[in-house]
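Asker: Contents of protein08.cif (mmCIF, C-alpha atoms; chains and numbers go by the auth columns):
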data_work
#
loop_
_atom_site.group_PDB
_atom_site.id
_atom_site.type_symbol
_atom_site.label_atom_id
_atom_site.label_comp_id
_atom_site.label_asym_id
_atom_site.label_seq_id
_atom_site.Cartn_x
_atom_site.Cartn_y
_atom_site.Cartn_z
_atom_site.B_iso_or_equiv
_atom_site.auth_seq_id
_atom_site.auth_asym_id
ATOM 1 C CA MET A 1 -23.216 -7.200 7.466 0.00 1 L
ATOM 2 C CA ARG A 2 -21.381 -4.469 5.571 0.00 2 L
ATOM 3 C CA ARG A 3 -17.627 -4.763 6.160 0.00 3 L
ATOM 4 C CA LEU A 4 -14.733 -2.351 5.701 0.00 4 L
ATOM 5 C CA PHE A 5 -11.968 -3.478 3.317 0.00 5 L
ATOM 6 C CA ILE A 6 -8.819 -1.354 3.340 0.00 6 L
ATOM 7 C CA PHE A 7 -6.399 -1.957 0.477 0.00 7 L
ATOM 8 C CA ASP A 8 -2.745 -1.083 0.120 0.00 8 L
ATOM 9 C CA PHE A 9 -2.026 0.249 -3.357 0.00 9 L
ATOM 10 C CA ASP A 10 1.461 -0.623 -4.644 0.00 10 L
ATOM 11 C CA GLY A 11 1.782 -4.370 -5.064 0.00 11 L
ATOM 12 C CA VAL A 12 -1.840 -5.131 -4.144 0.00 12 L
ATOM 13 C CA ILE A 13 -3.748 -3.057 -6.709 0.00 13 L
ATOM 14 C CA ALA A 14 -0.937 -1.836 -8.965 0.00 14 L
ATOM 15 C CA ASP A 15 2.019 -3.734 -10.399 0.00 15 L
ATOM 16 C CA SER A 16 4.471 -0.925 -9.674 0.00 16 L
ATOM 17 C CA LEU A 17 7.559 -2.463 -8.082 0.00 17 L
ATOM 18 C CA SER A 18 10.107 -1.525 -10.746 0.00 18 L
ATOM 19 C CA LEU A 19 8.934 2.069 -11.077 0.00 19 L
ATOM 20 C CA TYR A 20 8.668 2.688 -7.339 0.00 20 L
ATOM 21 C CA GLU A 21 12.045 1.094 -6.601 0.00 21 L
ATOM 22 C CA LYS A 22 13.673 3.343 -9.207 0.00 22 L
ATOM 23 C CA LEU A 23 11.892 6.423 -7.818 0.00 23 L
ATOM 24 C CA VAL A 24 13.041 5.716 -4.257 0.00 24 L
ATOM 25 C CA ARG A 25 16.589 4.764 -5.191 0.00 25 L
ATOM 26 C CA THR A 26 17.066 7.776 -7.476 0.00 26 L
ATOM 27 C CA ASN A 27 15.805 10.271 -4.930 0.00 27 L
ATOM 28 C CA LEU A 28 17.791 8.790 -2.072 0.00 28 L
ATOM 29 C CA GLU A 29 20.873 9.286 -4.224 0.00 29 L
ATOM 30 C CA ARG A 30 19.800 12.845 -5.074 0.00 30 L
ATOM 31 C CA ILE A 31 19.710 13.838 -1.401 0.00 31 L
ATOM 32 C CA GLY A 32 22.993 12.085 -0.624 0.00 32 L
ATOM 33 C CA SER A 33 21.520 9.107 1.250 0.00 33 L
ATOM 34 C CA PRO A 34 22.061 6.028 -0.956 0.00 34 L
ATOM 35 C CA VAL A 35 21.002 3.613 1.791 0.00 35 L
ATOM 36 C CA ILE A 36 19.882 0.857 -0.595 0.00 36 L
ATOM 37 C CA ALA A 37 21.890 -0.834 -3.324 0.00 37 L
ATOM 38 C CA THR A 38 19.835 -3.922 -4.244 0.00 38 L
ATOM 39 C CA ARG A 39 16.187 -4.850 -4.709 0.00 39 L
ATOM 40 C CA GLU A 40 16.346 -6.974 -1.564 0.00 40 L
ATOM 41 C CA GLU A 41 17.526 -3.963 0.427 0.00 41 L
ATOM 42 C CA PHE A 42 14.667 -1.963 -1.072 0.00 42 L
ATOM 43 C CA LEU A 43 12.157 -4.627 -0.045 0.00 43 L
ATOM 44 C CA ASP A 44 13.669 -4.715 3.449 0.00 44 L
ATOM 45 C CA LEU A 45 12.387 -1.165 3.891 0.00 45 L
ATOM 46 C CA PHE A 46 8.880 -2.632 3.955 0.00 46 L
ATOM 47 C CA ASP A 47 9.428 -5.048 6.842 0.00 47 L
ATOM 48 C CA SER A 48 8.004 -2.204 8.941 0.00 48 L
ATOM 49 C CA ASN A 49 6.594 1.204 8.057 0.00 49 L
ATOM 50 C CA PHE A 50 8.459 2.423 4.962 0.00 50 L
ATOM 51 C CA TYR A 51 9.088 5.922 6.312 0.00 51 L
ATOM 52 C CA GLU A 52 10.192 4.667 9.719 0.00 52 L
ATOM 53 C CA SER A 53 12.631 2.322 7.964 0.00 53 L
ATOM 54 C CA LEU A 54 14.165 5.278 6.129 0.00 54 L
ATOM 55 C CA ARG A 55 14.394 7.312 9.327 0.00 55 L
ATOM 56 C CA GLU A 56 16.160 4.436 11.066 0.00 56 L
ATOM 57 C CA ARG A 57 18.734 4.465 8.274 0.00 57 L
ATOM 58 C CA GLY A 58 19.440 8.148 8.838 0.00 58 L
ATOM 59 C CA VAL A 59 17.491 9.594 5.909 0.00 59 L
ATOM 60 C CA ASP A 60 16.342 13.219 6.147 0.00 60 L
ATOM 61 C CA MET A 61 12.646 12.665 5.558 0.00 61 L
ATOM 62 C CA LYS A 62 11.813 16.239 4.584 0.00 62 L
ATOM 63 C CA ALA A 63 14.565 16.228 1.983 0.00 63 L
ATOM 64 C CA PHE A 64 13.429 12.841 0.681 0.00 64 L
ATOM 65 C CA ASN A 65 9.748 13.764 0.480 0.00 65 L
ATOM 66 C CA ASP A 66 10.559 17.078 -1.211 0.00 66 L
ATOM 67 C CA ALA A 67 12.723 15.253 -3.767 0.00 67 L
ATOM 68 C CA VAL A 68 10.003 12.672 -4.481 0.00 68 L
ATOM 69 C CA MET A 69 7.316 15.331 -4.913 0.00 69 L
ATOM 70 C CA GLU A 70 9.543 17.290 -7.282 0.00 70 L
ATOM 71 C CA ALA A 71 10.401 14.193 -9.318 0.00 71 L
ATOM 72 C CA SER A 72 6.856 12.815 -9.447 0.00 72 L
ATOM 73 C CA SER A 73 5.688 15.405 -11.981 0.00 73 L
ATOM 74 C CA GLY A 74 8.135 14.013 -14.535 0.00 74 L
ATOM 75 C CA ILE A 75 7.184 10.345 -14.133 0.00 75 L
ATOM 76 C CA ASP A 76 4.926 8.581 -16.602 0.00 76 L
ATOM 77 C CA TYR A 77 2.651 6.736 -14.190 0.00 77 L
ATOM 78 C CA ARG A 78 0.722 5.290 -17.135 0.00 78 L
ATOM 79 C CA GLN A 79 3.306 2.520 -17.270 0.00 79 L
ATOM 80 C CA ILE A 80 1.878 1.131 -14.012 0.00 80 L
ATOM 81 C CA ARG A 81 -0.534 -1.689 -14.749 0.00 81 L
ATOM 82 C CA PRO A 82 -3.322 -3.118 -12.586 0.00 82 L
ATOM 83 C CA VAL A 83 -2.756 -6.473 -10.934 0.00 83 L
ATOM 84 C CA ASP A 84 -4.320 -9.150 -13.144 0.00 84 L
ATOM 85 C CA GLY A 85 -7.785 -10.167 -12.011 0.00 85 L
ATOM 86 C CA LEU A 86 -8.112 -7.652 -9.194 0.00 86 L
ATOM 87 C CA PHE A 87 -10.590 -5.127 -10.593 0.00 87 L
ATOM 88 C CA PRO A 88 -13.470 -7.604 -11.052 0.00 88 L
ATOM 89 C CA VAL A 89 -12.898 -8.728 -7.459 0.00 89 L
ATOM 90 C CA ILE A 90 -12.960 -5.238 -5.958 0.00 90 L
ATOM 91 C CA THR A 91 -16.021 -4.393 -8.030 0.00 91 L
ATOM 92 C CA ALA A 92 -17.782 -7.421 -6.530 0.00 92 L
ATOM 93 C CA LEU A 93 -16.616 -6.552 -3.001 0.00 93 L
ATOM 94 C CA ALA A 94 -17.777 -2.953 -3.368 0.00 94 L
ATOM 95 C CA SER A 95 -21.363 -4.055 -4.009 0.00 95 L
ATOM 96 C CA ASN A 96 -21.945 -4.805 -0.309 0.00 96 L
ATOM 97 C CA ASN A 97 -18.844 -3.523 1.498 0.00 97 L
ATOM 98 C CA THR A 98 -16.997 -0.222 1.944 0.00 98 L
ATOM 99 C CA LEU A 99 -13.585 -0.085 0.232 0.00 99 L
ATOM 100 C CA ILE A 100 -10.740 2.312 1.082 0.00 100 L
ATOM 101 C CA VAL A 101 -7.176 2.690 -0.232 0.00 101 L
ATOM 102 C CA ILE A 102 -4.326 3.617 2.108 0.00 102 L
ATOM 103 C CA SER A 103 -0.786 3.850 0.822 0.00 103 L
ATOM 104 C CA SER A 104 2.718 5.247 1.112 0.00 104 L
ATOM 105 C CA ASN A 105 2.223 6.600 -2.403 0.00 105 L
ATOM 106 C CA ILE A 106 0.799 10.017 -3.319 0.00 106 L
ATOM 107 C CA SER A 107 -2.993 10.268 -3.205 0.00 107 L
ATOM 108 C CA SER A 108 -3.289 12.054 -6.567 0.00 108 L
ATOM 109 C CA VAL A 109 -1.201 9.341 -8.283 0.00 109 L
ATOM 110 C CA ILE A 110 -3.533 6.675 -6.924 0.00 110 L
ATOM 111 C CA GLN A 111 -6.706 8.565 -7.810 0.00 111 L
ATOM 112 C CA ASN A 112 -5.484 9.203 -11.363 0.00 112 L
ATOM 113 C CA PHE A 113 -4.607 5.510 -11.737 0.00 113 L
ATOM 114 C CA LEU A 114 -8.077 4.445 -10.578 0.00 114 L
ATOM 115 C CA SER A 115 -9.780 6.944 -12.895 0.00 115 L
ATOM 116 C CA ARG A 116 -7.644 5.871 -15.821 0.00 116 L
ATOM 117 C CA HIS A 117 -8.775 2.280 -15.338 0.00 117 L
ATOM 118 C CA GLY A 118 -12.464 3.009 -14.852 0.00 118 L
ATOM 119 C CA CYS A 119 -12.582 2.590 -11.086 0.00 119 L
ATOM 120 C CA ASP A 120 -14.088 5.934 -10.080 0.00 120 L
ATOM 121 C CA GLY A 121 -16.539 5.468 -7.228 0.00 121 L
ATOM 122 C CA ILE A 122 -15.386 2.014 -6.156 0.00 122 L
ATOM 123 C CA PHE A 123 -13.296 3.295 -3.259 0.00 123 L
ATOM 124 C CA ALA A 124 -14.899 5.587 -0.694 0.00 124 L
ATOM 125 C CA ALA A 125 -11.572 7.297 0.030 0.00 125 L
ATOM 126 C CA VAL A 126 -7.886 7.307 -0.911 0.00 126 L
ATOM 127 C CA LEU A 127 -5.436 8.171 1.878 0.00 127 L
ATOM 128 C CA GLY A 128 -1.863 8.525 0.669 0.00 128 L
ATOM 129 C CA ALA A 129 1.403 9.701 2.169 0.00 129 L
ATOM 130 C CA ASP A 130 0.214 13.302 1.876 0.00 130 L
ATOM 131 C CA PHE A 131 -2.472 12.520 4.491 0.00 131 L
ATOM 132 C CA MET A 132 -0.493 10.606 7.142 0.00 132 L
ATOM 133 C CA LEU A 133 2.706 8.531 7.013 0.00 133 L
ATOM 134 C CA SER A 134 1.645 5.827 9.479 0.00 134 L
ATOM 135 C CA LYS A 135 -0.631 3.200 7.963 0.00 135 L
ATOM 136 C CA THR A 136 -1.708 2.189 11.470 0.00 136 L
ATOM 137 C CA ARG A 137 -2.970 5.708 12.114 0.00 137 L
ATOM 138 C CA LYS A 138 -4.669 5.798 8.726 0.00 138 L
ATOM 139 C CA ILE A 139 -6.454 2.527 9.472 0.00 139 L
ATOM 140 C CA GLU A 140 -7.575 3.843 12.857 0.00 140 L
ATOM 141 C CA HIS A 141 -8.766 7.102 11.264 0.00 141 L
ATOM 142 C CA THR A 142 -10.712 5.157 8.646 0.00 142 L
ATOM 143 C CA MET A 143 -12.367 2.921 11.229 0.00 143 L
ATOM 144 C CA GLU A 144 -13.405 5.937 13.281 0.00 144 L
ATOM 145 C CA LYS A 145 -14.794 7.808 10.283 0.00 145 L
ATOM 146 C CA TRP A 146 -16.768 4.835 8.965 0.00 146 L
ATOM 147 C CA ARG A 147 -17.660 3.600 12.457 0.00 147 L
ATOM 148 C CA ALA A 148 -16.207 0.176 11.803 0.00 148 L
ATOM 149 C CA GLU A 149 -15.313 -2.441 14.396 0.00 149 L
ATOM 150 C CA CYS A 150 -12.054 -4.420 14.442 0.00 150 L
ATOM 151 C CA ASP A 151 -13.788 -7.710 13.640 0.00 151 L
ATOM 152 C CA SER A 152 -15.443 -6.281 10.522 0.00 152 L
ATOM 153 C CA THR A 153 -12.379 -4.435 9.170 0.00 153 L
ATOM 154 C CA TYR A 154 -9.881 -6.110 6.846 0.00 154 L
ATOM 155 C CA TYR A 155 -6.566 -4.670 5.744 0.00 155 L
ATOM 156 C CA VAL A 156 -5.140 -6.191 2.557 0.00 156 L
ATOM 157 C CA GLY A 157 -1.383 -5.665 2.227 0.00 157 L
ATOM 158 C CA ASP A 158 1.510 -7.250 0.363 0.00 158 L
ATOM 159 C CA THR A 159 4.417 -6.637 2.741 0.00 159 L
ATOM 160 C CA VAL A 160 5.370 -7.719 6.239 0.00 160 L
ATOM 161 C CA GLY A 161 5.192 -4.083 7.303 0.00 161 L
ATOM 162 C CA ASP A 162 1.587 -3.870 6.084 0.00 162 L
ATOM 163 C CA ILE A 163 0.613 -6.839 8.226 0.00 163 L
ATOM 164 C CA ARG A 164 2.394 -5.464 11.269 0.00 164 L
ATOM 165 C CA GLU A 165 0.726 -2.088 10.904 0.00 165 L
ATOM 166 C CA GLY A 166 -2.666 -3.706 10.417 0.00 166 L
ATOM 167 C CA LYS A 167 -2.198 -5.840 13.528 0.00 167 L
ATOM 168 C CA ALA A 168 -1.172 -2.735 15.481 0.00 168 L
ATOM 169 C CA ALA A 169 -4.545 -1.265 14.515 0.00 169 L
ATOM 170 C CA CYS A 170 -6.263 -4.476 15.732 0.00 170 L
ATOM 171 C CA VAL A 171 -7.952 -5.299 12.427 0.00 171 L
ATOM 172 C CA LYS A 172 -8.116 -8.504 10.411 0.00 172 L
ATOM 173 C CA THR A 173 -4.975 -8.694 8.286 0.00 173 L
ATOM 174 C CA VAL A 174 -4.812 -10.207 4.803 0.00 174 L
ATOM 175 C CA ALA A 175 -1.430 -11.007 3.250 0.00 175 L
ATOM 176 C CA ALA A 176 -1.587 -10.809 -0.555 0.00 176 L
ATOM 177 C CA THR A 177 1.220 -13.014 -1.850 0.00 177 L
ATOM 178 C CA TRP A 178 1.068 -11.667 -5.425 0.00 178 L
ATOM 179 C CA GLY A 179 2.728 -8.437 -4.304 0.00 179 L
ATOM 180 C CA TRP A 180 6.181 -7.293 -3.250 0.00 180 L
ATOM 181 C CA HIS A 181 6.940 -9.781 -0.463 0.00 181 L
ATOM 182 C CA PRO A 182 6.799 -13.502 -1.299 0.00 182 L
ATOM 183 C CA LYS A 183 4.589 -15.920 0.616 0.00 183 L
ATOM 184 C CA GLU A 184 7.400 -17.376 2.730 0.00 184 L
ATOM 185 C CA ARG A 185 8.267 -13.935 4.080 0.00 185 L
ATOM 186 C CA PHE A 186 4.919 -13.791 5.882 0.00 186 L
ATOM 187 C CA GLU A 187 5.641 -16.895 7.966 0.00 187 L
ATOM 188 C CA GLY A 188 5.518 -16.064 11.643 0.00 188 L
ATOM 189 C CA VAL A 189 4.065 -12.593 11.105 0.00 189 L
ATOM 190 C CA GLY A 190 0.579 -13.698 12.117 0.00 190 L
ATOM 191 C CA ALA A 191 -1.615 -12.598 9.222 0.00 191 L
ATOM 192 C CA ASP A 192 -5.228 -13.650 9.742 0.00 192 L
ATOM 193 C CA PHE A 193 -5.554 -14.632 6.087 0.00 193 L
ATOM 194 C CA VAL A 194 -3.024 -15.436 3.369 0.00 194 L
ATOM 195 C CA VAL A 195 -4.377 -15.132 -0.176 0.00 195 L
ATOM 196 C CA ASP A 196 -2.566 -16.193 -3.327 0.00 196 L
ATOM 197 C CA THR A 197 -4.925 -14.736 -5.932 0.00 197 L
ATOM 198 C CA PRO A 198 -7.324 -11.774 -5.973 0.00 198 L
ATOM 199 C CA GLU A 199 -10.242 -14.188 -6.295 0.00 199 L
ATOM 200 C CA ASP A 200 -9.369 -15.608 -2.858 0.00 200 L
ATOM 201 C CA LEU A 201 -10.535 -12.311 -1.330 0.00 201 L
ATOM 202 C CA LEU A 202 -14.110 -13.258 -2.153 0.00 202 L
ATOM 203 C CA SER A 203 -13.859 -16.242 0.227 0.00 203 L
ATOM 204 C CA ILE A 204 -12.901 -14.205 3.285 0.00 204 L
#
The structure given in the file should be rewritten as structure tokens.

Answerer:
Amino acid sequence: MRRLFIFDFDGVIADSLSLYEKLVRTNLERIGSPVIATREEFLDLFDSNFYESLRERGVDMKAFNDAVMEASSGIDYRQIRPVDGLFPVITALASNNTLIVISSNISSVIQNFLSRHGCDGIFAAVLGADFMLSKTRKIEHTMEKWRAECDSTYYVGDTVGDIREGKAACVKTVAATWGWHPKERFEGVGADFVVDTPEDLLSI
């Protein structure tokens, strides 16, 4: 049976924590909302939906998104590297499954990254923050478009917020512990699978 695998981007596919943290912190300061001061506070933003976390902290989301879009043209995204060992795994999965990327990042950044690393055609779609902000809604949209059932849809994320949004969409959730949130942070969240290496995805 062909299954639907939905992947988060930052932390799961791309090793981008330092760059993304700097981008967020810098642009929060630019708009006068320095709501995070440490990496731990940055990671706390991903205990739920990233954008909802910012809203709850009083951030003007239009101002923030405008600042990020303006700044993104001056960032050298080539410094982002793929997660070790992931591309052979997704290539294998794509041979008999449908793969999608959903992310809080910008779709064009993700697509350029995938092209740069020879992954054109592996993912059927890339849905970034410029499509919808809610990952739950993006998962539901993807399932409807590809006519997938909950039991045959898997969302691979690396934060507690990813797992919560996947569960809200009633899909199988996969916590990737090589990403931004450590393994112990997923305790009690109820992920259907916890994987420590990309190769573990092939056993799901």

Asker: Could you spell out the hits of the PyMOL selection byres ((chain L and resi 185-197) around 9) on the shown file, as a list in words?

Answerer: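 After applying the PyMOL selection byres ((chain L and resi 185-197) around 9), what remains is Gly85, Leu86, Thr159, Val160, Ile163, Arg164, Lys167, Lys172, Thr173, Val174, Ala175, Ala176, Thr177, Trp178, His181, Pro182, Lys183, Glu184, Pro198, Glu199, Asp200, Leu201 and Ile204 of chain L.
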
Asker: Show which residues sit within 9 Å of L:Ile90, as a VMD selection string. Count all atoms listed in the file, and ignore same-chain residues fewer than 5 positions away.

Answerer: chain L and resid 95 99 122 to 123 198 201 to 202

Asker: What is the distance, in Å and to one decimal place, between atom CA of L:Met143 and atom CA of L:Ala169?

Answerer: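 Answer for the atom CA of L:Met143 to atom CA of L:Ala169 separation: 9.5 Å.
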
Asker: Quick one: pull the distance between atom CA of L:Gly32 and atom CA of L:Ala67, Å, one decimal.

Answerer: 11.2 Å

Asker: In Å, rounded to a single decimal, give me how far atom CA of L:Ser72 is from atom CA of L:Arg55.

Answerer: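 Interatomic distance here is 21.0 Å.
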
Asker: Measuring between all atoms listed in the file, which one of L:Met1, L:Ala94, L:Ala148, L:Ile80 shows the shortest distance to L:Ser18?

Answerer: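 Closest residue, counting all atoms listed in the file: L:Ile80.
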
Asker: For L:Ala129, which residue out of L:Val59, L:Leu114, L:Val101, L:Val171 is the nearest one, using only C-alpha atoms?

Answerer: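 Of L:Val59, L:Leu114, L:Val101, L:Val171, the one nearest L:Ala129, counting only C-alpha atoms, is L:Val101.
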
Asker: Compare L:Ile75, L:Ile106, L:Leu23, L:Cys150 by their minimum atom-to-atom distance to L:Met132, counting all atoms listed in the file, and give me the closest one.

Answerer: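 Checking each candidate against L:Met132, we get L:Ile106 as the closest.
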
Asker: As a compact mmCIF listing (two decimals), in the frame of the given file, please: stretch 61-92 of chain L completed to N, CA and C atoms.

Answerer:
# COMPACT_ATOMS: atom_id res chain seq x y z
N MET L 61 13.93 12.94 6.19
CA MET L 61 12.65 12.66 5.56
C MET L 61 12.07 13.87 4.82
N LYS L 62 12.31 15.07 5.31
CA LYS L 62 11.81 16.24 4.58
C LYS L 62 12.51 16.35 3.23
N ALA L 63 13.82 16.16 3.24
CA ALA L 63 14.56 16.23 1.98
C ALA L 63 14.11 15.14 1.02
N PHE L 64 13.87 13.95 1.53
CA PHE L 64 13.43 12.84 0.68
C PHE L 64 12.05 13.12 0.11
N ASN L 65 11.10 13.51 0.96
CA ASN L 65 9.75 13.76 0.48
C ASN L 65 9.71 14.91 -0.52
N ASP L 66 10.50 15.96 -0.27
CA ASP L 66 10.56 17.08 -1.21
C ASP L 66 11.10 16.61 -2.56
N ALA L 67 12.12 15.76 -2.53
CA ALA L 67 12.72 15.25 -3.77
C ALA L 67 11.73 14.40 -4.54
N VAL L 68 10.99 13.55 -3.84
CA VAL L 68 10.00 12.67 -4.48
C VAL L 68 8.89 13.51 -5.11
N MET L 69 8.39 14.50 -4.38
CA MET L 69 7.32 15.33 -4.91
C MET L 69 7.78 16.09 -6.15
N GLU L 70 9.01 16.57 -6.12
CA GLU L 70 9.54 17.29 -7.28
C GLU L 70 9.69 16.37 -8.48
N ALA L 71 10.16 15.14 -8.23
CA ALA L 71 10.40 14.19 -9.32
C ALA L 71 9.11 13.60 -9.88
N SER L 72 8.07 13.53 -9.05
CA SER L 72 6.86 12.82 -9.45
C SER L 72 6.18 13.43 -10.66
N SER L 73 6.34 14.75 -10.84
CA SER L 73 5.69 15.40 -11.98
C SER L 73 6.28 14.97 -13.32
N GLY L 74 7.50 14.44 -13.30
CA GLY L 74 8.14 14.01 -14.54
C GLY L 74 8.05 12.52 -14.80
N ILE L 75 7.29 11.80 -13.99
CA ILE L 75 7.18 10.34 -14.13
C ILE L 75 5.93 9.99 -14.92
N ASP L 76 6.07 9.06 -15.83
CA ASP L 76 4.93 8.58 -16.60
C ASP L 76 4.28 7.43 -15.84
N TYR L 77 3.31 7.75 -15.01
CA TYR L 77 2.65 6.74 -14.19
C TYR L 77 1.74 5.82 -15.02
N ARG L 78 1.55 6.15 -16.29
CA ARG L 78 0.72 5.29 -17.14
C ARG L 78 1.36 3.93 -17.38
N GLN L 79 2.65 3.82 -17.10
CA GLN L 79 3.31 2.52 -17.27
C GLN L 79 2.95 1.54 -16.16
N ILE L 80 2.33 2.03 -15.08
CA ILE L 80 1.88 1.13 -14.01
C ILE L 80 0.62 0.41 -14.48
N ARG L 81 0.61 -0.89 -14.31
CA ARG L 81 -0.53 -1.69 -14.75
C ARG L 81 -1.28 -2.26 -13.55
N PRO L 82 -2.58 -2.48 -13.67
CA PRO L 82 -3.32 -3.12 -12.59
C PRO L 82 -2.89 -4.57 -12.41
N VAL L 83 -2.99 -5.06 -11.20
CA VAL L 83 -2.76 -6.47 -10.93
C VAL L 83 -3.82 -7.29 -11.67
N ASP L 84 -3.39 -8.32 -12.37
CA ASP L 84 -4.32 -9.15 -13.14
C ASP L 84 -5.42 -9.73 -12.25
N GLY L 85 -6.65 -9.54 -12.68
CA GLY L 85 -7.78 -10.17 -12.01
C GLY L 85 -8.30 -9.44 -10.79
N LEU L 86 -7.69 -8.31 -10.43
CA LEU L 86 -8.11 -7.65 -9.19
C LEU L 86 -9.37 -6.80 -9.36
N PHE L 87 -9.48 -6.07 -10.47
CA PHE L 87 -10.59 -5.13 -10.59
C PHE L 87 -11.97 -5.80 -10.56
N PRO L 88 -12.16 -6.95 -11.20
CA PRO L 88 -13.47 -7.60 -11.05
C PRO L 88 -13.76 -8.00 -9.60
N VAL L 89 -12.72 -8.34 -8.85
CA VAL L 89 -12.90 -8.73 -7.46
C VAL L 89 -13.30 -7.53 -6.61
N ILE L 90 -12.61 -6.39 -6.78
CA ILE L 90 -12.96 -5.24 -5.96
C ILE L 90 -14.33 -4.68 -6.35
N THR L 91 -14.68 -4.81 -7.62
CA THR L 91 -16.02 -4.39 -8.03
C THR L 91 -17.08 -5.22 -7.33
N ALA L 92 -16.85 -6.53 -7.23
CA ALA L 92 -17.78 -7.42 -6.53
C ALA L 92 -17.83 -7.10 -5.04
